[in-house]
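Comments concern the structure below.
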Amino acid sequence: GQPEPYEGWIPMNVFNFFGRMAFSVGLSMAQGANFEVITTSDSKARSYRKLVLRDGRLVGAMFLNVPADPGVFVYLVRKRLDIGAYQGALLEKPREVGRYLMTANEKKEATVIE
């Protein structure tokens, strides 16, 4: 019964096909100032990784054939976490580092509430 502000939505696509997974979350292209795009690919493993950041905060991600949790990346984008210090590690080990960042933020928010 209480009015809630609508913060918009975050685009997300997840595909599983022939034992491979691809997903994209948030912005896939960066236009304008203050954006940074980091990509890596491995033709042998047929993998691709892309992070889109604005002012050190994750605003989008794309992965193909990389173990990662799409829901965790939605969380990171939605919470507008500053991941600048972790961007290289997040690109290298998205599942582990993404979960770490989410858990650390949840603990931090729980501490603020107490």
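Chain labels follow the order of the structure tokens: the first chain is A, the next B, and so on; residue numbering restarts at 1 in every chain, and ligands are counted from 1 in their shown order.
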Pull the closest atom pair for each residue of region 51-70 of chain A that gets at most 8 Å from region 14-22 of chain A, along with the distance in Å to one decimal, counting only C-alpha atoms, ordering rows by chain and then ascending residue number, as a Markdown table.
```
| residue | atom | partner | partner_atom | distance |
| --- | --- | --- | --- | --- |
| A:Met62 | CA | A:Ala22 | CA | 7.5 |
| A:Phe63 | CA | A:Ala22 | CA | 5.6 |
| A:Leu64 | CA | A:Ala22 | CA | 4.3 |
| A:Asn65 | CA | A:Met21 | CA | 5.4 |
| A:Val66 | CA | A:Met21 | CA | 7.4 |
| A:Pro70 | CA | A:Val14 | CA | 7.6 |
```
Produce a file of the selected residues containing all heavy atoms, as a PDB file, in the first residue's frame.
```pdb
ATOM      1  N   MET A  62      29.169  -8.775 -20.453  1.00  0.00           N
ATOM      2  CA  MET A  62      28.835  -9.826 -21.414  1.00  0.00           C
ATOM      3  C   MET A  62      29.858 -10.943 -21.254  1.00  0.00           C
ATOM      4  O   MET A  62      31.054 -10.673 -21.146  1.00  0.00           O
ATOM      5  CB  MET A  62      28.894  -9.306 -22.848  1.00  0.00           C
ATOM      6  CG  MET A  62      27.931  -8.207 -23.160  1.00  0.00           C
ATOM      7  SD  MET A  62      28.164  -7.566 -24.828  1.00  0.00           S
ATOM      8  CE  MET A  62      27.229  -8.768 -25.742  1.00  0.00           C
ATOM      9  N   PHE A  63      29.380 -12.181 -21.253  1.00  0.00           N
ATOM     10  CA  PHE A  63      30.268 -13.334 -21.140  1.00  0.00           C
ATOM     11  C   PHE A  63      29.781 -14.443 -22.056  1.00  0.00           C
ATOM     12  O   PHE A  63      28.574 -14.666 -22.184  1.00  0.00           O
ATOM     13  CB  PHE A  63      30.320 -13.848 -19.694  1.00  0.00           C
ATOM     14  CG  PHE A  63      31.023 -12.930 -18.750  1.00  0.00           C
ATOM     15  CD1 PHE A  63      30.321 -11.970 -18.045  1.00  0.00           C
ATOM     16  CD2 PHE A  63      32.392 -13.021 -18.574  1.00  0.00           C
ATOM     17  CE1 PHE A  63      30.965 -11.112 -17.172  1.00  0.00           C
ATOM     18  CE2 PHE A  63      33.048 -12.164 -17.694  1.00  0.00           C
ATOM     19  CZ  PHE A  63      32.335 -11.211 -16.998  1.00  0.00           C
ATOM     20  N   LEU A  64      30.708 -15.141 -22.661  1.00  0.00           N
ATOM     21  CA  LEU A  64      30.420 -16.315 -23.473  1.00  0.00           C
ATOM     22  C   LEU A  64      31.397 -17.408 -23.081  1.00  0.00           C
ATOM     23  O   LEU A  64      32.614 -17.190 -23.083  1.00  0.00           O
ATOM     24  CB  LEU A  64      30.580 -15.997 -24.963  1.00  0.00           C
ATOM     25  CG  LEU A  64      30.493 -17.176 -25.929  1.00  0.00           C
ATOM     26  CD1 LEU A  64      29.123 -17.819 -25.870  1.00  0.00           C
ATOM     27  CD2 LEU A  64      30.834 -16.741 -27.342  1.00  0.00           C
ATOM     28  N   ASN A  65      30.869 -18.560 -22.701  1.00  0.00           N
ATOM     29  CA  ASN A  65      31.691 -19.717 -22.308  1.00  0.00           C
ATOM     30  C   ASN A  65      32.615 -19.412 -21.136  1.00  0.00           C
ATOM     31  O   ASN A  65      33.772 -19.841 -21.108  1.00  0.00           O
ATOM     32  CB  ASN A  65      32.507 -20.244 -23.480  1.00  0.00           C
ATOM     33  CG  ASN A  65      31.646 -20.918 -24.501  1.00  0.00           C
ATOM     34  OD1 ASN A  65      30.586 -21.428 -24.187  1.00  0.00           O
ATOM     35  ND2 ASN A  65      32.107 -20.921 -25.734  1.00  0.00           N
ATOM     36  N   VAL A  66      32.105 -18.667 -20.190  1.00  0.00           N
ATOM     37  CA  VAL A  66      32.862 -18.312 -18.992  1.00  0.00           C
ATOM     38  C   VAL A  66      31.980 -18.621 -17.786  1.00  0.00           C
ATOM     39  O   VAL A  66      30.815 -18.204 -17.767  1.00  0.00           O
ATOM     40  CB  VAL A  66      33.243 -16.815 -18.997  1.00  0.00           C
ATOM     41  CG1 VAL A  66      33.933 -16.419 -17.715  1.00  0.00           C
ATOM     42  CG2 VAL A  66      34.107 -16.483 -20.203  1.00  0.00           C
ATOM     43  N   PRO A  70      24.907 -14.864 -13.828  1.00  0.00           N
ATOM     44  CA  PRO A  70      24.238 -13.665 -14.340  1.00  0.00           C
ATOM     45  C   PRO A  70      23.517 -12.872 -13.248  1.00  0.00           C
ATOM     46  O   PRO A  70      23.554 -11.642 -13.257  1.00  0.00           O
ATOM     47  CB  PRO A  70      23.235 -14.231 -15.357  1.00  0.00           C
ATOM     48  CG  PRO A  70      23.817 -15.540 -15.771  1.00  0.00           C
ATOM     49  CD  PRO A  70      24.523 -16.073 -14.564  1.00  0.00           C
TER      50      PRO A  70
END
```
* To do: With a distance cut-off of 6 Å and only C-alpha atoms, select the neighbouring residues of region 2-13 of chain A, excluding the residue or stretch itself and same-chain residues fewer than 5 positions from it, and output the selection as number ranges by chain.
  => A: 23-26
Store the residues picked out above in a file with C-alpha atoms, as a CSV table (one decimal), in the first residue's frame.
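Output saved as again.csv:
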```
chain,number,residue,atom,x,y,z
A,23,PHE,CA,24.7,-13.7,-21.1
A,24,SER,CA,24.6,-10.0,-21.2
A,25,VAL,CA,23.5,-7.6,-18.4
A,26,GLY,CA,23.0,-3.9,-18.5
```
* Residue contacts of region 107-112 of chain A (12 Å, only C-alpha atoms) excluding same-chain residues fewer than 5 positions away, as a ChimeraX atom specification -> /A:79,81,100-102
Would you output that residue set with N, CA, C and O atoms, as a PDB file, in the first residue's frame?
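What landed in part.pdb:
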```pdb
ATOM      1  N   LYS A  79      23.171  -2.306  -7.728  1.00  0.00           N
ATOM      2  CA  LYS A  79      23.680  -1.650  -6.522  1.00  0.00           C
ATOM      3  C   LYS A  79      24.688  -0.542  -6.830  1.00  0.00           C
ATOM      4  O   LYS A  79      25.128   0.171  -5.925  1.00  0.00           O
ATOM      5  N   LEU A  81      27.823  -0.624  -7.472  1.00  0.00           N
ATOM      6  CA  LEU A  81      29.029  -0.780  -6.660  1.00  0.00           C
ATOM      7  C   LEU A  81      30.267  -0.279  -7.401  1.00  0.00           C
ATOM      8  O   LEU A  81      30.416  -0.513  -8.594  1.00  0.00           O
ATOM      9  N   TYR A 100      32.155 -12.613  -4.284  1.00  0.00           N
ATOM     10  CA  TYR A 100      32.845 -11.922  -3.183  1.00  0.00           C
ATOM     11  C   TYR A 100      32.319 -10.492  -3.035  1.00  0.00           C
ATOM     12  O   TYR A 100      32.003 -10.043  -1.924  1.00  0.00           O
ATOM     13  N   LEU A 101      32.231  -9.769  -4.151  1.00  0.00           N
ATOM     14  CA  LEU A 101      31.772  -8.378  -4.098  1.00  0.00           C
ATOM     15  C   LEU A 101      30.338  -8.286  -3.595  1.00  0.00           C
ATOM     16  O   LEU A 101      30.004  -7.401  -2.804  1.00  0.00           O
ATOM     17  N   MET A 102      29.481  -9.196  -4.039  1.00  0.00           N
ATOM     18  CA  MET A 102      28.100  -9.190  -3.596  1.00  0.00           C
ATOM     19  C   MET A 102      28.015  -9.483  -2.097  1.00  0.00           C
ATOM     20  O   MET A 102      27.320  -8.776  -1.357  1.00  0.00           O
TER      21      MET A 102
END
```
* To do: List every residue of chain A that DSSP, applied to the backbone, labels as strand (DSSP E or B), and write the result as a ChimeraX atom specification.
  => /A:12-17,20-26,35-42,47-54,57-64,82
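All residues of protein, DNA or RNA that reach within 10 Å of Tyr86 (chain A), judged by only C-alpha atoms and not counting those fewer than 6 positions away in the chain, are Gly56, Glu92, Val97, Gly98 and Leu101 of chain A.
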* Residue neighbourhood Asp69 (chain A), 8 Å, only C-alpha atoms, exclusion window fewer than 3 positions, as number ranges by chain -> A: 72-73, 94-95, 98
Can you write just those residues out, N, CA and C atoms, as an mmCIF file, in the first residue's frame?
```cif
data_model
loop_
_atom_site.group_PDB
_atom_site.id
_atom_site.type_symbol
_atom_site.label_atom_id
_atom_site.label_comp_id
_atom_site.auth_asym_id
_atom_site.auth_seq_id
_atom_site.Cartn_x
_atom_site.Cartn_y
_atom_site.Cartn_z
ATOM 1 N N VAL A 72 24.301 -12.467 -10.165
ATOM 2 C CA VAL A 72 25.276 -11.690 -9.394
ATOM 3 C C VAL A 72 25.619 -10.405 -10.147
ATOM 4 N N PHE A 73 25.756 -10.495 -11.456
ATOM 5 C CA PHE A 73 26.076 -9.300 -12.241
ATOM 6 C C PHE A 73 24.912 -8.313 -12.267
ATOM 7 N N PRO A 94 35.140 -14.129 -12.957
ATOM 8 C CA PRO A 94 33.860 -13.457 -12.692
ATOM 9 C C PRO A 94 32.985 -14.133 -11.647
ATOM 10 N N ARG A 95 32.965 -15.448 -11.609
ATOM 11 C CA ARG A 95 32.102 -16.131 -10.631
ATOM 12 C C ARG A 95 32.593 -15.865 -9.207
ATOM 13 N N GLY A 98 32.765 -11.906 -8.414
ATOM 14 C CA GLY A 98 31.406 -11.373 -8.363
ATOM 15 C C GLY A 98 30.704 -11.757 -7.075
#
```
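Selecting alpha helix (DSSP H) from the backbone DSSP output for region 3-102 of chain A yields Pro70, Gly71, Val72, Phe73, Val74, Tyr75, Leu76, Val77, Arg78, Gln87, Gly88, Ala89, Leu90, Leu91, Glu92, Pro94, Arg95, Glu96, Val97, Gly98, Arg99, Tyr100, Leu101 and Met102 of chain A.
In this comparison, which uses only C-alpha atoms, the residue of A:Gly88, A:Lys44, A:Arg80, A:Lys93 approaching Pro67 (chain A) most closely is A:Lys93.
Once region 34-37 of chain A and its same-chain neighbours fewer than 4 positions away are set aside, Ala30, Leu51, Val52, Leu53, Arg54 and Asp55 of chain A remain within 6 Å of it when counting only C-alpha atoms.
Note that the spacing between CA of Val59 (chain A) and CA of Ser41 (chain A) amounts to 19.8 Å.
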